[in-house]
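Step one of this worksheet: look at the structure below.
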Amino acid sequence: MDKKSKYNIDNYLNKCLILCGDSRSILMEFEDSADLIVTSPPYADARKKHYDSIPPDKYADWFMTFHDAFWSSLNEKGSLVINIKDKIVGGTRHRFVWETIDKLINLGWHCIDDYIWHKPNPMPGYWPTRLRDGWEYCFHLAKTTSPHIDQKAVAVPVGDWVNKRLNKLGENDSSRHNSSNESGFGRNISKWVGKEKVLPTNVLSMPLVGKNMGHPAVFPVELPSFFIKLLSRENKLIIDPFAGSGSTGIASLINNRNCLLVDNNPEYCKLANKRLVKEFSDLYNEVSYLNPTEDYQSAVKELKEPYLKKKVL
Ligand SMILES: C[S@@+](CC[C@H](N)C(=O)[O-])C[C@H]1O[C@@H](n2cnc3c(N)ncnc32)[C@H](O)[C@@H]1O
């Protein structure tokens, strides 16, 4: 096991390709290729010093310029997960995020679910009319209403409460009964007997990345990792079209998936490359940093095809 890597990597090699350029054109090379696009695009009017900043009123139209590329690179049962947050403009929440999702739905995307990424460690601060911001959206969109999904892959231990509760099963617990406040909701508690794992909720609690990674908007590797396990199959392709520091590449490799990372800022491509090499180079020789002006067709072909190789120790 590579001592430098903190990730628990197993016996197989997968590939991660980093391409520097505009994802609107690069993804067109990957028609019908990916199980999942999981990404965090630039937020409106954010990080002006670091990369393109789009005004909130223009955001939804700007995002639609990526629709063709996203749609064509996903396979029929593929999913698109967008981590994003709206912003305060003139004292109120601007709804450019909702406008963006509405426009995507009009273009044929199905809104499968809205996840909340809860951040237990948000930035401190004071605002006169609101509180600290402790969450962001992760929208799950898909090309069909029945995308690839493996709920068992993200199942969590059922927890101690169940044993205590099941030791005291009452008459009402073995049938579905109305709740005491007559809300219309009921549950059959006896169905929990023998269960060791349950599905998690769609609220994902994951701390913000604390240390400076050299990119202003790094999300925790656990976030793409959760969606990769849930919405893609082993050895299939994951794409991050706004790859930044390459967090999705790490999440893909530790979960035995191939990955395409695209960023239009060469500095971030270099950063992602450095990060991946640091984590995986001793075991994996798969990180390619290519400039799209070079001939990269063979690398593209290799990435699109399932790629398995035994670890060389
Ligand atoms: C919010 S950051 C992503 C950060 C990433 N999730 C991470 O963990 O490091 C968005 C990235 O999108 C890139 N970007 C903006 N427009 C792009 C485009 N048209 N094609 C490719 N990348 C783009 C920016 O350079 C920036 O690094």
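To be explicit about the labels: the chains of the structure tokens are called A, B, and onward in the order shown, and within each one the residues are counted from 1, while ligands get numbers from 1 in the order they are shown.
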So that I can check the surroundings of region 129-133 of chain A, please list as an MDAnalysis selection string every protein, DNA and RNA residue that reaches within 10 Å of it, counting only C-alpha atoms and ignoring chain neighbours fewer than 5 positions away. chainID A and resid 85 91:92 118:119 121:124
Could you list the protein, DNA and RNA residues that have any atom within 7 Å of ligand 1, counting only C-alpha atoms and all ligand atoms, and write them as an mmCIF file with C-alpha atoms, in the first residue's frame?
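Output below, filename part-v8.cif:
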data_model
loop_
_atom_site.group_PDB
_atom_site.id
_atom_site.type_symbol
_atom_site.label_atom_id
_atom_site.label_comp_id
_atom_site.auth_asym_id
_atom_site.auth_seq_id
_atom_site.Cartn_x
_atom_site.Cartn_y
_atom_site.Cartn_z
ATOM 1 C CA GLY A 21 -9.829 23.614 -22.133
ATOM 2 C CA ASP A 22 -13.489 24.520 -22.399
ATOM 3 C CA SER A 23 -15.705 21.634 -21.348
ATOM 4 C CA ARG A 24 -18.366 22.737 -23.872
ATOM 5 C CA THR A 39 -19.513 18.931 -10.569
ATOM 6 C CA SER A 40 -19.548 22.291 -8.911
ATOM 7 C CA PRO A 41 -19.686 25.082 -11.515
ATOM 8 C CA PRO A 42 -18.500 28.646 -10.851
ATOM 9 C CA TYR A 43 -21.143 30.336 -8.704
ATOM 10 C CA TYR A 51 -11.998 32.538 -12.916
ATOM 11 C CA ASP A 52 -14.889 33.685 -15.143
ATOM 12 C CA HIS A 215 -7.932 26.553 -5.307
ATOM 13 C CA ALA A 217 -13.578 26.523 -4.045
ATOM 14 C CA VAL A 218 -12.561 22.951 -3.261
ATOM 15 C CA PHE A 219 -15.353 20.600 -2.243
ATOM 16 C CA PRO A 220 -14.684 17.609 0.051
ATOM 17 C CA PRO A 241 -16.459 19.530 -16.453
ATOM 18 C CA PHE A 242 -15.475 22.216 -13.860
ATOM 19 C CA ALA A 243 -12.755 20.160 -12.246
ATOM 20 C CA GLY A 244 -10.757 22.769 -10.293
ATOM 21 C CA SER A 245 -8.295 21.011 -7.993
ATOM 22 C CA GLY A 246 -9.385 17.523 -9.108
ATOM 23 C CA SER A 247 -11.422 16.347 -6.093
ATOM 24 C CA THR A 248 -13.713 14.329 -8.400
ATOM 25 C CA VAL A 262 -11.754 19.357 -17.531
ATOM 26 C CA ASP A 263 -10.834 22.874 -16.452
ATOM 27 C CA ASN A 264 -10.187 25.880 -18.668
ATOM 28 C CA ASN A 265 -7.552 27.275 -16.319
ATOM 29 C CA TYR A 268 -5.881 24.372 -11.970
#
Give me every strand (DSSP E or B) residue in region 42-244 of chain A, going by DSSP on the backbone, as a ChimeraX atom specification. /A:74-84,88-89,92-93,110-118,127,130,135-142,156-157,177-178,186-187,197-198,203-205,237-240
Just the selected residues (C-alpha atoms), exported as a short mmCIF file (atom, residue, chain, number, x, y, z; two decimals), in the first residue's frame, please.
data_model
loop_
_atom_site.label_atom_id
_atom_site.label_comp_id
_atom_site.auth_asym_id
_atom_site.auth_seq_id
_atom_site.Cartn_x
_atom_site.Cartn_y
_atom_site.Cartn_z
CA LEU A 74 -23.82 10.98 -20.68
CA ASN A 75 -25.14 7.53 -21.54
CA GLU A 76 -28.89 6.94 -21.67
CA LYS A 77 -29.20 6.16 -17.94
CA GLY A 78 -26.63 8.75 -16.90
CA SER A 79 -27.00 11.41 -14.22
CA LEU A 80 -25.88 14.99 -13.73
CA VAL A 81 -25.23 16.20 -10.18
CA ILE A 82 -24.76 19.95 -9.76
CA ASN A 83 -23.45 21.32 -6.46
CA ILE A 84 -24.36 25.01 -6.32
CA ILE A 88 -27.67 37.41 -1.76
CA VAL A 89 -28.24 40.32 -4.15
CA THR A 92 -32.48 39.05 -0.80
CA ARG A 93 -31.69 35.60 -2.20
CA HIS A 110 -35.57 15.06 -15.25
CA CYS A 111 -35.16 16.42 -11.74
CA ILE A 112 -34.75 13.19 -9.73
CA ASP A 113 -34.06 14.72 -6.31
CA ASP A 114 -32.63 17.72 -4.48
CA TYR A 115 -29.90 16.86 -1.97
CA ILE A 116 -28.69 19.22 0.70
CA TRP A 117 -25.00 19.32 1.53
CA HIS A 118 -24.99 20.34 5.20
CA TRP A 127 -25.21 39.60 8.74
CA ARG A 130 -29.80 36.45 8.26
CA TRP A 135 -25.71 24.30 3.37
CA GLU A 136 -25.62 24.05 -0.42
CA TYR A 137 -27.74 22.30 -3.03
CA CYS A 138 -26.77 19.17 -4.93
CA PHE A 139 -29.34 18.73 -7.70
CA HIS A 140 -29.66 15.25 -9.17
CA LEU A 141 -30.84 15.48 -12.79
CA ALA A 142 -31.01 12.64 -15.30
CA VAL A 156 -25.43 3.22 6.49
CA PRO A 157 -25.50 1.21 9.76
CA HIS A 177 -50.95 2.43 11.77
CA ASN A 178 -51.80 6.08 11.66
CA GLY A 186 -47.78 5.65 9.65
CA ARG A 187 -45.00 3.08 9.96
CA LYS A 197 -28.21 -1.15 7.21
CA VAL A 198 -30.63 1.51 6.05
CA VAL A 203 -29.16 15.48 3.65
CA LEU A 204 -25.41 14.90 3.48
CA SER A 205 -23.40 16.21 6.38
CA LEU A 237 -16.60 6.91 -16.70
CA ILE A 238 -17.19 9.90 -14.39
CA ILE A 239 -16.82 13.45 -15.75
CA ASP A 240 -16.17 16.69 -13.89
#
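Our summary of the geometry notes that CA of Leu36 (chain A) is positioned 6.1 Å from CA of Ser232 (chain A).
Here CA of Gly210 (chain A) stands at a distance of 18.0 Å from CA of Ser225 (chain A).
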Can you tell me how far CA of Glu196 (chain A) sits from CA of Asp160 (chain A), in Å to one decimal?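 One can read the CA of Glu196 (chain A) to CA of Asp160 (chain A) distance as 10.1 Å.
Secondary structure by DSSP on the backbone puts the following residues of region 188-250 of chain A in helix (DSSP H, G or I): Ile189, Ser190, Lys191, Trp192, Glu222, Leu223, Pro224, Ser225, Phe226, Phe227, Ile228, Lys229, Leu230, Leu231, Ser247, Thr248, Gly249 and Ile250 of chain A.
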Would you mind exporting N, CA and C atoms of the selected residues as a compact mmCIF listing (two decimals), in the first residue's frame?
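Generated file (again.txt):
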# COMPACT_ATOMS: atom_id res chain seq x y z
N ILE A 189 -43.02 -0.66 12.51
CA ILE A 189 -41.68 -0.73 13.11
C ILE A 189 -41.09 -2.13 13.01
N SER A 190 -41.94 -3.18 13.00
CA SER A 190 -41.41 -4.55 13.00
C SER A 190 -40.59 -4.83 11.73
N LYS A 191 -40.79 -4.03 10.69
CA LYS A 191 -40.00 -4.23 9.45
C LYS A 191 -38.51 -3.97 9.67
N TRP A 192 -38.17 -3.34 10.79
CA TRP A 192 -36.77 -3.04 11.06
C TRP A 192 -36.05 -4.24 11.67
N GLU A 222 -15.45 13.53 -0.23
CA GLU A 222 -16.62 12.70 0.17
C GLU A 222 -17.88 13.07 -0.62
N LEU A 223 -17.98 14.31 -1.07
CA LEU A 223 -19.21 14.73 -1.75
C LEU A 223 -19.36 14.05 -3.12
N PRO A 224 -18.37 14.22 -4.06
CA PRO A 224 -18.50 13.46 -5.30
C PRO A 224 -18.48 11.95 -5.06
N SER A 225 -17.74 11.51 -4.05
CA SER A 225 -17.63 10.08 -3.79
C SER A 225 -19.01 9.46 -3.49
N PHE A 226 -19.81 10.18 -2.70
CA PHE A 226 -21.16 9.69 -2.37
C PHE A 226 -21.97 9.49 -3.66
N PHE A 227 -21.95 10.47 -4.56
CA PHE A 227 -22.77 10.36 -5.78
C PHE A 227 -22.19 9.34 -6.76
N ILE A 228 -20.87 9.20 -6.76
CA ILE A 228 -20.24 8.19 -7.63
C ILE A 228 -20.70 6.80 -7.22
N LYS A 229 -20.70 6.53 -5.91
CA LYS A 229 -21.15 5.21 -5.44
C LYS A 229 -22.62 4.99 -5.76
N LEU A 230 -23.41 6.03 -5.57
CA LEU A 230 -24.86 5.90 -5.73
C LEU A 230 -25.29 5.83 -7.20
N LEU A 231 -24.63 6.59 -8.07
CA LEU A 231 -25.19 6.81 -9.41
C LEU A 231 -24.33 6.32 -10.56
N SER A 247 -10.81 17.17 -7.16
CA SER A 247 -11.42 16.35 -6.09
C SER A 247 -12.21 15.17 -6.68
N THR A 248 -12.91 15.40 -7.80
CA THR A 248 -13.71 14.33 -8.40
C THR A 248 -12.82 13.22 -8.96
N GLY A 249 -11.61 13.58 -9.39
CA GLY A 249 -10.68 12.55 -9.88
C GLY A 249 -10.29 11.61 -8.75
N ILE A 250 -10.00 12.16 -7.59
CA ILE A 250 -9.65 11.33 -6.44
C ILE A 250 -10.83 10.44 -6.07
